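Undergrad: My structure is stored as model07.cif, with mmCIF, C-alpha atoms and all ligand atoms.
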```
data_structure
loop_
_atom_site.label_atom_id
_atom_site.label_comp_id
_atom_site.auth_asym_id
_atom_site.auth_seq_id
_atom_site.Cartn_x
_atom_site.Cartn_y
_atom_site.Cartn_z
CA MET B 1 385.24 175.16 93.16
CA PRO B 2 386.02 172.21 95.46
CA ALA B 3 385.97 173.05 99.15
CA ASP B 4 389.29 173.44 100.96
CA PRO B 5 390.38 170.22 102.65
CA PRO B 6 389.62 170.30 106.35
CA ILE B 7 392.42 171.38 108.66
CA ARG B 8 393.97 168.58 110.70
CA ARG B 9 392.55 168.66 114.24
CA ILE B 10 393.72 166.06 116.72
CA ALA B 11 392.45 165.72 120.29
CA HIS B 12 394.14 164.22 123.30
CA LEU B 13 391.78 163.20 126.08
CA ASP B 14 392.99 162.30 129.56
CA MET B 15 390.73 161.33 132.46
CA ASP B 16 391.01 163.44 135.63
CA ALA B 17 392.56 161.76 138.69
CA PHE B 18 391.33 158.57 137.11
CA PHE B 19 391.76 155.82 139.74
CA ALA B 20 390.57 158.19 142.47
CA SER B 21 387.57 159.37 140.47
CA VAL B 22 386.54 155.75 139.93
CA GLU B 23 386.51 155.22 143.71
CA LEU B 24 384.43 158.37 144.19
CA LEU B 25 381.69 156.87 142.05
CA ARG B 26 380.95 154.33 144.76
CA TYR B 27 381.84 156.54 147.70
CA PRO B 28 380.25 159.86 146.66
CA GLN B 29 380.30 160.96 150.32
CA LEU B 30 384.06 161.47 149.87
CA ARG B 31 383.75 164.03 147.06
CA GLY B 32 385.76 167.18 147.63
CA LEU B 33 388.02 165.53 150.19
CA PRO B 34 391.74 164.92 149.85
CA ILE B 35 392.13 161.25 148.91
CA VAL B 36 395.14 159.27 147.81
CA ILE B 37 394.98 155.96 146.03
CA GLY B 38 397.65 153.46 146.91
CA GLY B 39 398.71 150.78 149.29
CA GLY B 40 398.02 147.96 146.92
CA ARG B 41 395.78 145.72 148.96
CA ARG B 42 392.01 145.82 149.19
CA LYS B 43 392.07 144.60 152.79
CA VAL B 44 391.16 147.90 154.43
CA ASP B 45 388.31 148.40 152.07
CA GLU B 46 386.92 144.95 152.81
CA ILE B 47 387.06 145.49 156.57
CA ILE B 48 385.04 148.69 156.25
CA ARG B 49 382.52 147.12 153.96
CA GLU B 50 382.03 144.18 156.25
CA LYS B 51 381.53 146.44 159.21
CA TYR B 52 378.91 148.46 157.39
CA SER B 53 377.39 145.62 155.40
CA ASP B 54 373.96 146.76 156.62
CA ARG B 55 373.94 149.83 154.35
CA PRO B 56 374.86 150.94 150.85
CA LEU B 57 378.50 151.91 150.21
CA SER B 58 377.46 155.52 149.76
CA GLU B 59 376.27 155.63 153.37
CA ILE B 60 379.45 154.46 155.03
CA PRO B 61 380.50 157.41 157.23
CA VAL B 62 383.55 159.39 156.17
CA GLU B 63 385.10 158.73 159.61
CA ALA B 64 385.26 155.02 158.82
CA PHE B 65 387.89 155.49 156.12
CA PRO B 66 391.57 155.21 157.02
CA LEU B 67 393.76 158.30 157.16
CA LEU B 68 397.10 158.66 155.45
CA LYS B 69 398.81 159.50 158.76
CA ASP B 70 397.91 156.04 160.08
CA TYR B 71 399.41 154.30 157.08
CA VAL B 72 402.40 152.08 157.74
CA GLY B 73 404.11 150.37 154.86
CA ARG B 74 406.05 150.91 151.71
CA GLY B 75 403.28 151.70 149.29
CA VAL B 76 403.53 154.40 146.69
CA ILE B 77 400.75 156.77 145.70
CA THR B 78 399.12 155.85 142.43
CA THR B 79 397.14 159.03 142.15
CA ALA B 80 395.53 161.69 144.30
CA THR B 81 392.35 163.75 144.05
CA TYR B 82 392.80 167.40 143.19
CA PRO B 83 392.06 168.52 146.78
CA ALA B 84 394.89 166.21 147.92
CA ARG B 85 397.26 167.59 145.29
CA GLN B 86 397.00 171.00 146.93
CA PHE B 87 399.13 169.55 149.71
CA GLY B 88 401.83 168.65 147.23
CA VAL B 89 401.16 164.92 147.14
CA GLY B 90 400.84 163.01 143.89
CA SER B 91 401.67 159.97 141.77
CA ALA B 92 404.80 157.98 142.60
CA MET B 93 405.35 159.60 146.02
CA GLY B 94 405.90 157.23 148.94
CA MET B 95 402.82 157.06 151.17
CA MET B 96 404.75 157.62 154.39
CA LYS B 97 406.34 160.73 152.91
CA ALA B 98 402.97 161.94 151.64
CA ALA B 99 401.53 161.45 155.14
CA LYS B 100 403.78 164.26 156.37
CA LEU B 101 402.29 166.63 153.79
CA ALA B 102 398.66 165.54 153.96
CA PRO B 103 398.14 163.58 157.20
CA ASP B 104 394.34 163.84 157.05
CA ALA B 105 393.97 162.66 153.47
CA LEU B 106 392.00 159.43 153.15
CA VAL B 107 393.59 156.33 151.67
CA LEU B 108 391.84 153.98 149.32
CA PRO B 109 393.26 150.98 147.49
CA VAL B 110 393.18 150.54 143.71
CA ASP B 111 390.46 148.38 142.26
CA PHE B 112 391.88 147.36 138.90
CA ASP B 113 388.77 145.54 137.74
CA GLU B 114 386.70 148.63 138.31
CA VAL B 115 389.30 150.87 136.67
CA ARG B 116 389.42 148.63 133.60
CA LYS B 117 385.64 148.58 133.38
CA TYR B 118 385.43 152.37 133.29
CA SER B 119 388.39 152.55 130.94
CA ARG B 120 386.56 150.41 128.39
CA GLN B 121 383.37 152.35 128.96
CA PHE B 122 384.70 155.86 128.40
CA LYS B 123 386.57 154.74 125.29
CA SER B 124 383.48 153.20 123.78
CA ILE B 125 381.49 156.38 124.47
CA ILE B 126 384.12 158.34 122.54
CA ARG B 127 384.11 155.89 119.64
CA GLU B 128 380.38 156.31 119.21
CA ILE B 129 380.90 160.03 118.66
CA ALA B 130 384.25 160.06 116.85
CA PRO B 131 385.40 156.71 115.42
CA VAL B 132 389.12 157.35 114.87
CA VAL B 133 390.48 156.73 118.37
CA GLU B 134 393.97 155.64 119.40
CA ASP B 135 394.16 153.86 122.72
CA ARG B 136 397.10 155.16 124.77
CA GLY B 137 396.59 153.26 127.97
CA VAL B 138 394.12 153.07 130.78
CA ASP B 139 393.06 156.71 130.92
CA GLU B 140 394.06 158.44 127.70
CA VAL B 141 393.34 158.41 123.99
CA TYR B 142 394.01 160.43 120.87
CA ILE B 143 391.01 161.24 118.70
CA ASP B 144 391.11 162.45 115.11
CA PHE B 145 388.54 165.26 114.88
CA THR B 146 389.45 166.25 111.31
CA GLU B 147 386.67 164.48 109.42
CA VAL B 148 384.12 164.19 112.22
CA PRO B 149 381.01 166.32 111.62
CA GLY B 150 381.41 169.43 113.77
CA GLY B 151 385.06 168.57 114.48
CA GLN B 152 386.24 171.87 112.96
CA ARG B 153 383.84 174.13 114.85
CA GLU B 154 385.65 176.53 117.14
CA GLY B 155 388.84 174.62 116.48
CA GLY B 156 387.34 171.45 117.94
CA ARG B 157 385.88 172.93 121.10
CA VAL B 158 382.29 172.04 120.23
CA LEU B 159 383.06 168.37 119.68
CA ALA B 160 385.34 168.25 122.71
CA ARG B 161 382.52 169.62 124.85
CA LEU B 162 380.11 167.06 123.44
CA ILE B 163 382.49 164.18 124.27
CA GLN B 164 383.16 165.54 127.74
CA LYS B 165 379.43 165.79 128.44
CA ALA B 166 378.67 162.32 127.11
CA ILE B 167 381.37 160.76 129.31
CA GLN B 168 380.22 162.70 132.34
CA GLN B 169 376.56 161.80 131.83
CA GLN B 170 377.15 158.13 131.18
CA THR B 171 379.91 157.42 133.70
CA GLY B 172 379.99 160.33 136.16
CA LEU B 173 383.67 160.86 135.35
CA THR B 174 385.39 164.02 134.14
CA CYS B 175 388.21 164.36 131.66
CA SER B 176 390.34 167.05 130.08
CA ILE B 177 390.81 167.50 126.35
CA GLY B 178 393.36 169.35 124.26
CA VAL B 179 392.69 169.91 120.56
CA ALA B 180 395.59 170.88 118.32
CA PRO B 181 397.04 170.38 114.82
CA ASN B 182 398.79 167.17 115.91
CA LYS B 183 399.26 164.59 118.65
CA LEU B 184 402.34 166.20 120.12
CA ILE B 185 400.68 169.56 120.81
CA ALA B 186 397.35 167.98 121.75
CA LYS B 187 399.06 165.93 124.46
CA MET B 188 400.51 169.07 126.02
CA ALA B 189 397.26 170.99 125.58
CA SER B 190 395.14 168.46 127.46
CA GLU B 191 397.04 169.43 130.62
CA PHE B 192 396.49 173.17 130.26
CA ASN B 193 393.06 173.29 131.87
CA LYS B 194 392.95 170.22 134.09
CA PRO B 195 390.65 169.10 135.63
CA ASN B 196 387.47 169.07 133.51
CA GLY B 197 388.98 171.50 131.02
CA ILE B 198 389.26 171.97 127.29
CA SER B 199 392.01 173.84 125.52
CA ILE B 200 392.28 174.64 121.89
CA VAL B 201 395.71 175.27 120.38
CA TYR B 202 396.46 176.35 116.81
CA GLN B 203 399.76 176.11 114.98
CA ASP B 204 400.20 179.87 115.40
CA ASP B 205 399.95 179.51 119.19
CA VAL B 206 403.11 177.42 119.45
CA ARG B 207 405.27 180.44 120.21
CA THR B 208 403.06 181.82 122.95
CA ARG B 209 401.72 178.64 124.55
CA ILE B 210 404.26 175.89 123.91
CA TRP B 211 407.64 177.63 123.88
CA PRO B 212 407.42 178.84 127.50
CA LEU B 213 406.93 175.27 128.76
CA PRO B 214 409.77 173.30 130.38
CA VAL B 215 411.43 170.81 128.00
CA ARG B 216 410.01 167.80 129.88
CA LYS B 217 406.50 168.71 128.74
CA ILE B 218 407.35 167.32 125.32
CA ASN B 219 406.22 163.72 125.26
CA GLY B 220 409.47 162.00 124.28
CA ILE B 221 411.86 164.13 126.32
CA GLY B 222 412.55 162.03 129.41
CA PRO B 223 414.65 162.60 132.52
CA LYS B 224 417.97 161.77 130.82
CA ALA B 225 417.43 164.10 127.88
CA GLU B 226 416.26 166.76 130.32
CA VAL B 227 419.51 166.58 132.29
CA LYS B 228 421.51 166.91 129.11
CA LEU B 229 419.41 169.81 127.84
CA HIS B 230 419.79 171.60 131.16
CA LYS B 231 423.57 171.16 130.99
CA LEU B 232 423.40 172.88 127.62
CA HIS B 233 421.33 175.65 129.27
CA LEU B 234 418.18 174.75 127.38
CA LEU B 235 415.31 174.94 129.84
CA THR B 236 412.20 175.61 127.79
CA VAL B 237 410.79 174.28 124.56
CA GLY B 238 411.52 177.70 123.09
CA ASP B 239 415.19 177.31 124.03
CA ILE B 240 415.30 174.15 121.92
CA ALA B 241 413.45 175.80 119.04
CA ALA B 242 416.04 178.58 119.03
CA GLN B 243 418.84 176.12 118.24
CA GLU B 244 419.98 175.17 114.77
CA ARG B 245 418.76 171.75 113.72
CA GLU B 246 422.36 170.72 112.93
CA TRP B 247 423.50 171.72 116.40
CA LEU B 248 420.80 169.54 117.96
CA VAL B 249 421.78 166.67 115.66
CA ASP B 250 425.43 167.07 116.69
CA ASN B 251 424.49 166.95 120.34
CA PHE B 252 421.68 164.41 120.38
CA GLY B 253 422.26 162.23 117.33
CA LYS B 254 420.77 162.23 113.87
CA SER B 255 417.27 161.05 114.53
CA TYR B 256 416.66 162.24 118.10
CA GLY B 257 418.20 165.66 117.44
CA ALA B 258 416.10 166.17 114.31
CA TRP B 259 412.98 164.94 116.08
CA MET B 260 413.62 167.33 118.95
CA HIS B 261 413.90 170.26 116.57
CA ASP B 262 410.60 169.35 114.89
CA ALA B 263 408.92 168.79 118.24
CA ALA B 264 410.02 172.18 119.56
CA TRP B 265 408.53 173.81 116.46
CA GLY B 266 405.30 171.88 117.03
CA ARG B 267 405.69 169.68 113.96
CA ASP B 268 404.37 166.14 114.12
CA ASP B 269 402.79 164.09 111.33
CA ARG B 270 402.07 160.88 113.23
CA PRO B 271 398.65 159.51 112.35
CA VAL B 272 396.05 158.51 114.93
CA VAL B 273 396.39 154.72 114.87
CA THR B 274 393.10 153.02 115.61
CA GLU B 275 394.20 149.48 116.35
CA SER B 276 397.19 149.48 118.58
CA GLU B 277 398.39 145.99 119.34
CA PRO B 278 400.13 145.47 122.67
CA VAL B 279 403.84 144.76 122.34
CA SER B 280 404.15 143.03 125.68
CA MET B 281 402.25 142.09 128.81
CA SER B 282 403.71 142.05 132.26
CA ARG B 283 402.95 141.71 135.92
CA GLU B 284 405.11 142.86 138.78
CA THR B 285 404.85 143.16 142.50
CA THR B 286 406.62 145.15 145.20
CA PHE B 287 407.04 143.02 148.32
CA ASP B 288 405.81 144.07 151.72
CA ARG B 289 409.38 143.61 152.93
CA ASP B 290 412.60 143.00 151.02
CA LEU B 291 413.11 139.33 150.29
CA HIS B 292 416.28 137.34 150.00
CA ALA B 293 416.71 134.68 147.33
CA VAL B 294 418.00 132.12 149.81
CA ARG B 295 416.41 132.99 153.13
CA ASP B 296 412.99 133.71 151.62
CA ARG B 297 413.25 131.17 148.89
CA ALA B 298 409.84 129.57 149.38
CA GLU B 299 407.99 132.86 149.55
CA LEU B 300 409.81 134.29 146.58
CA GLY B 301 409.30 131.12 144.56
CA ALA B 302 405.55 131.21 145.22
CA ILE B 303 405.27 134.87 144.23
CA PHE B 304 407.28 134.18 141.09
CA THR B 305 405.03 131.30 140.05
CA ASP B 306 402.01 133.45 140.75
CA LEU B 307 403.29 136.28 138.54
CA CYS B 308 403.88 133.82 135.70
CA ARG B 309 400.34 132.51 136.11
CA GLN B 310 398.94 136.02 136.08
CA VAL B 311 400.80 136.99 132.91
CA ALA B 312 399.68 133.75 131.26
CA GLY B 313 396.12 134.55 132.35
CA ASP B 314 396.36 138.05 130.85
CA LEU B 315 397.65 136.62 127.57
CA GLN B 316 394.92 134.01 127.41
CA ARG B 317 392.13 136.44 128.27
CA LYS B 318 393.25 138.92 125.66
CA GLY B 319 394.07 136.24 123.09
CA TYR B 320 397.79 136.75 122.69
CA VAL B 321 400.84 134.51 122.66
CA GLY B 322 404.44 135.65 123.01
CA LYS B 323 407.96 134.51 122.29
CA THR B 324 410.18 136.62 124.52
CA ILE B 325 409.97 135.99 128.23
CA GLY B 326 411.70 138.26 130.67
CA ILE B 327 412.10 139.20 134.30
CA LYS B 328 412.66 142.42 136.17
CA LEU B 329 414.12 142.78 139.64
CA ARG B 330 414.53 145.77 141.83
CA TYR B 331 417.16 145.35 144.52
CA ASP B 332 416.96 146.88 147.99
CA ASP B 333 419.27 149.65 146.75
CA PHE B 334 416.72 150.43 144.00
CA ARG B 335 418.92 149.24 141.16
CA ILE B 336 416.97 147.42 138.48
CA ALA B 337 418.04 144.30 136.60
CA THR B 338 416.22 142.82 133.62
CA ARG B 339 416.91 139.70 131.57
CA ASP B 340 414.97 138.08 128.80
CA GLN B 341 415.10 135.09 126.57
CA THR B 342 413.41 134.36 123.25
CA ILE B 343 412.11 130.87 122.65
CA ASP B 344 411.38 129.21 119.32
CA HIS B 345 407.61 129.16 119.59
CA PHE B 346 404.78 131.38 120.78
CA THR B 347 403.27 130.59 124.13
CA ASP B 348 400.68 131.59 126.70
CA ASP B 349 401.42 128.62 128.91
CA PRO B 350 402.14 129.44 132.57
CA LYS B 351 404.55 126.52 132.98
CA THR B 352 406.59 127.48 129.94
CA ILE B 353 406.68 131.10 131.05
CA ARG B 354 407.74 129.99 134.54
CA GLN B 355 410.46 127.77 133.19
CA VAL B 356 411.97 130.36 130.84
CA ALA B 357 411.63 133.16 133.39
CA GLY B 358 413.40 130.85 135.85
CA GLN B 359 416.27 130.55 133.35
CA CYS B 360 416.45 134.34 133.18
CA LEU B 361 416.64 134.53 136.97
CA LYS B 362 419.77 132.41 136.89
CA ARG B 363 421.47 135.16 134.94
CA VAL B 364 421.16 137.90 137.56
CA GLN B 365 422.90 138.54 140.84
CA LEU B 366 420.82 137.30 143.73
CA GLU B 367 422.97 138.24 146.69
CA ARG B 368 421.22 141.48 147.52
CA ARG B 369 417.72 141.44 148.84
CA LEU B 370 414.91 142.13 146.41
CA ARG B 371 412.22 144.75 146.58
CA LEU B 372 410.31 143.94 143.44
CA LEU B 373 409.89 141.09 141.01
CA GLY B 374 408.26 141.25 137.59
CA VAL B 375 407.59 138.90 134.68
CA ARG B 376 407.04 140.02 131.12
CA VAL B 377 406.10 138.30 127.88
CA GLY B 378 406.91 140.19 124.68
CA LYS B 379 407.06 139.68 120.88
CA LEU B 380 403.32 139.14 120.98
CA GLU B 381 401.08 137.81 118.24
CA LYS B 382 397.34 137.30 118.18
CA ALA B 383 396.83 133.74 119.39
CA GLY B 384 395.15 132.61 116.17
CA ALA B 385 397.77 134.20 113.92
CA ALA B 386 400.86 132.61 115.47
CA VAL B 387 401.96 129.19 114.33
CA GLU B 388 401.93 127.27 117.56
CA THR B 389 403.61 124.13 118.71
CA ALA B 390 402.32 121.92 121.48
CA ALA B 391 401.68 124.01 124.58
CA ASN B 392 403.58 121.73 126.91
CA GLU B 393 406.62 121.31 124.71
CA ALA B 394 409.82 122.25 126.50
CA PRO B 395 411.06 125.66 125.35
CA ALA B 396 414.23 125.63 123.30
CA PRO B 397 416.29 128.57 124.46
CA ASP B 398 418.19 130.85 122.12
CA GLY B 399 421.80 129.75 121.65
CA ALA B 400 423.07 133.07 122.96
CA ASP B 401 420.99 132.81 126.08
CA THR B 402 421.96 129.41 127.37
CA ALA B 403 424.67 130.91 129.53
CA GLU B 404 425.75 128.82 132.48
CA ALA B 405 424.88 130.22 135.87
CA ARG B 406 427.76 132.57 136.57
CA PRO B 407 429.67 132.66 139.82
CA GLY B 408 427.73 134.83 142.21
CA THR B 409 424.36 133.84 140.81
CA LEU B 410 422.20 131.23 142.44
CA ASP B 411 420.40 128.36 140.88
CA LEU B 412 417.22 128.74 142.81
CA PHE B 413 414.21 128.63 140.64
N1 LIG B 501 399.10 155.80 137.59
C1 LIG B 501 399.89 154.86 138.23
N2 LIG B 501 401.19 155.15 138.55
C2 LIG B 501 401.72 156.35 138.25
C3 LIG B 501 400.94 157.32 137.58
C4 LIG B 501 399.62 157.01 137.27
O1 LIG B 501 399.41 153.77 138.51
N3 LIG B 501 403.00 156.63 138.57
C5 LIG B 501 397.68 155.48 137.28
C6 LIG B 501 396.77 156.18 138.25
C7 LIG B 501 396.13 157.27 137.48
C8 LIG B 501 396.17 156.74 136.06
O2 LIG B 501 397.30 155.90 135.99
O3 LIG B 501 394.84 157.54 137.96
C9 LIG B 501 396.25 157.82 135.01
O4 LIG B 501 397.45 158.55 135.14
P1 LIG B 501 397.48 160.11 134.93
O5 LIG B 501 398.90 160.50 134.86
O6 LIG B 501 396.59 160.52 133.82
O7 LIG B 501 396.94 160.67 136.32
P2 LIG B 501 395.46 160.92 136.80
O8 LIG B 501 394.46 160.55 135.77
O9 LIG B 501 395.29 160.25 138.11
O10 LIG B 501 395.44 162.46 137.07
P3 LIG B 501 395.36 163.67 136.00
O11 LIG B 501 394.08 164.36 136.32
O12 LIG B 501 396.56 164.50 136.29
O13 LIG B 501 395.38 163.06 134.65
MG MG B 502 394.65 161.22 133.83
#
```
Please go through the file and, once you have read it, give me the structure as structure tokens.

TA:
Amino acid sequence: MPADPPIRRIAHLDMDAFFASVELLRYPQLRGLPIVIGGGRRKVDEIIREKYSDRPLSEIPVEAFPLLKDYVGRGVITTATYPARQFGVGSAMGMMKAAKLAPDALVLPVDFDEVRKYSRQFKSIIREIAPVVEDRGVDEVYIDFTEVPGGQREGGRVLARLIQKAIQQQTGLTCSIGVAPNKLIAKMASEFNKPNGISIVYQDDVRTRIWPLPVRKINGIGPKAEVKLHKLHLLTVGDIAAQEREWLVDNFGKSYGAWMHDAAWGRDDRPVVTESEPVSMSRETTFDRDLHAVRDRAELGAIFTDLCRQVAGDLQRKGYVGKTIGIKLRYDDFRIATRDQTIDHFTDDPKTIRQVAGQCLKRVQLERRLRLLGVRVGKLEKAGAAVETAANEAPAPDGADTAEARPGTLDLF
């Protein structure tokens, strides 16, 4: 008799307070303290390090680090350690607002190079143990446990523990893992026992462990869908599951409604995709103060050119070229505007990106002051695979996109 095929077991792994935990590796004296990461610049950090250049980083006194209550600026919190979260502060909260809740929390800036280094490292540790890994961004991955030796033991707990230990031993970082019959449930499960937790969910647990959760916990139900669900008096995943599929289709459209019904019942067949290619690369920056297209023209122009250079640098480093170039603005009233334009060849050239992005800028209103500016290159191909034309060739814009500057827009860039 052939053995039964193994049961599908998919893990979702998410690092704990990732950016903050990376900082704690070099400042272990701060462990256990409330810390928020944010503020953007590394200046503060450099001042401290210079002052204490006579000793290792781990011996800089805790008192030397800046406190959240002394922070002045418009930065937003990127993440917070778990002790800081007890005060109600967390990702995306303004730092000045957070200072009211946790005045004595320490503030550290993000070090992207360091974060990327650890991101690569923890992913490669996982791949050595379980090869089918889907990269989902800087601090999370899906892992297919199904065929991995030991992946079925205790529903995946044994393998999850092994991965957790290996990451902790080799990097000093902790993570949380959910193991479930599919990606959808695994993603929710990895949050159940954060930080440094493991949770195992079986298909039969959907009723008891998934249905009580608020609808937003389903990865794919965003703020807009949530508002609409609430209006229909559907608050939990179970509330959605209790609806007829046809009713959901009537209210949310054929594909989204049907997907929602499946999701609420914990059904999801998506495979773990090992090689995920990026669809776009972008860089954006929030200004220290709002800038005006005319009055701050020089400053804005320099930042814009810099962003284009950075995106071009990212493309070149990672070996991609792209065809669609776009911009994003956030006005002082927080409204967002985006424009993009597709050119007839693939590029990673900063000048070309600058030129096409400049064209896009002509198509937005520039009377209000700006808070944020971003540049994106999409429709990516691997550099070798794309048929390229000369790098310095002038981009030929799409017919539809050669709109004249409209009244009210400014020809600045
Ligand atoms: N991040 C960010 N901006 C946000 C949210 C997160 O830059 N609005 C960054 C900082 C986080 C990292 O991404 O450290 C991972 O995001 P998570 O949502 O996984 O948050 P953490 O890993 O910090 O905490 P948790 O333990 O809840 O996963
Ligand atoms: Mg995380």

Undergrad: Measuring atom to atom with only C-alpha atoms, identify which of B:Lys328, B:His261, B:Arg270, B:Arg31 is nearest to B:Ser282.

TA: B:Lys328

Undergrad: For a test of reading the model, state the distance in Å between atom CA of B:Gln355 and atom CA of B:Ile327, rounded to one decimal.

TA: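 So the answer is 11.6 Å.
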
Undergrad: So, counting only C-alpha atoms, which residue among B:Gly358, B:Glu147, B:Arg245, B:Val179 is closest to B:Pro5?

TA: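 Between B:Gly358, B:Glu147, B:Arg245, B:Val179, the residue approaching B:Pro5 most closely is B:Glu147.
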
Undergrad: Counting all atoms listed in the file, find the residues whose atoms lie at most 6 Å from (401.7, 138.6, 123.9) (file coordinates) and write them out as a list in words.

TA: Ser280, Leu315, Tyr320, Val321, Gly322, Val377, Gly378, Leu380 and Glu381 of chain B

Undergrad: For ligand LIG 501 (chain B), which residue out of B:Phe65, B:Phe192, B:Tyr71, B:Tyr27 is the nearest one, using all atoms listed in the file?

TA: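 Nearest candidate to ligand LIG 501 (chain B) out of B:Phe65, B:Phe192, B:Tyr71, B:Tyr27: B:Phe192.
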
Undergrad: So, counting all atoms listed in the file, which residue among B:Ile210, B:Ala160, B:Leu30, B:Met93 is closest to B:Leu57?

TA: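 Nearest candidate to B:Leu57 out of B:Ile210, B:Ala160, B:Leu30, B:Met93: B:Leu30.
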
Undergrad: I need the residue nearest B:Pro212 from this list: B:Ile240, B:Val132, B:Leu162, B:Met260. Use all atoms listed in the file for the distance.

TA: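 Under the stated criterion, the closest residue is B:Ile240.
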
Undergrad: Can you pull out every residue within 8 Å of B:Asn196, counting all atoms listed in the file, but drop anything in the same chain fewer than 2 positions away, and send it as a list in words?

TA: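 After dropping sequence-adjacent residues, the list is Asp16, Thr174, Cys175, Ser176, Asn193, Lys194 and Ile198 of chain B.
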
Undergrad: How would you write, as a PyMOL selection string, the set of residues no farther than 7 Å from ligand LIG 501 (chain B) when counting only C-alpha atoms and all ligand atoms?

TA: chain B and resi 14-20+78-80+91-92+138-140+194-195

Undergrad: Please, what distance in Å, to one decimal, runs between atom CA of B:Lys323 and atom CA of B:Val272?

TA: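 About the pair atom CA of B:Lys323 and atom CA of B:Val272: they are 27.8 Å apart.
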
Undergrad: One decimal, Å: what's the distance from atom CA of B:Arg369 over to atom CA of B:Ala312, could you say?

TA: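 Distance reported for this atom pair: 26.3 Å.
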
Undergrad: Between B:Glu191, B:Tyr142, B:Glu154, B:Ile163, which residue has the minimum interatomic distance to ligand MG 502 (chain B), considering all atoms listed in the file?

TA: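 Closest residue, counting all atoms listed in the file: B:Glu191.
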
Undergrad: Compile the contact shell of B:Ala180 as a list of chain:residue names: residues with an atom at most 10 Å away, counting all atoms listed in the file, same-chain residues fewer than 4 positions apart removed.

TA: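 Contacts, in chain order: B:Arg8, B:Arg9, B:Ile10, B:Ala11, B:His12, B:Phe145, B:Gly155, B:Gly156, B:Leu184, B:Ile185, B:Ala186, B:Lys187, B:Met188, B:Ala189, B:Ser190, B:Ser199, B:Ile200, B:Val201, B:Tyr202, B:Gln203, B:Asp205, B:Gly266.
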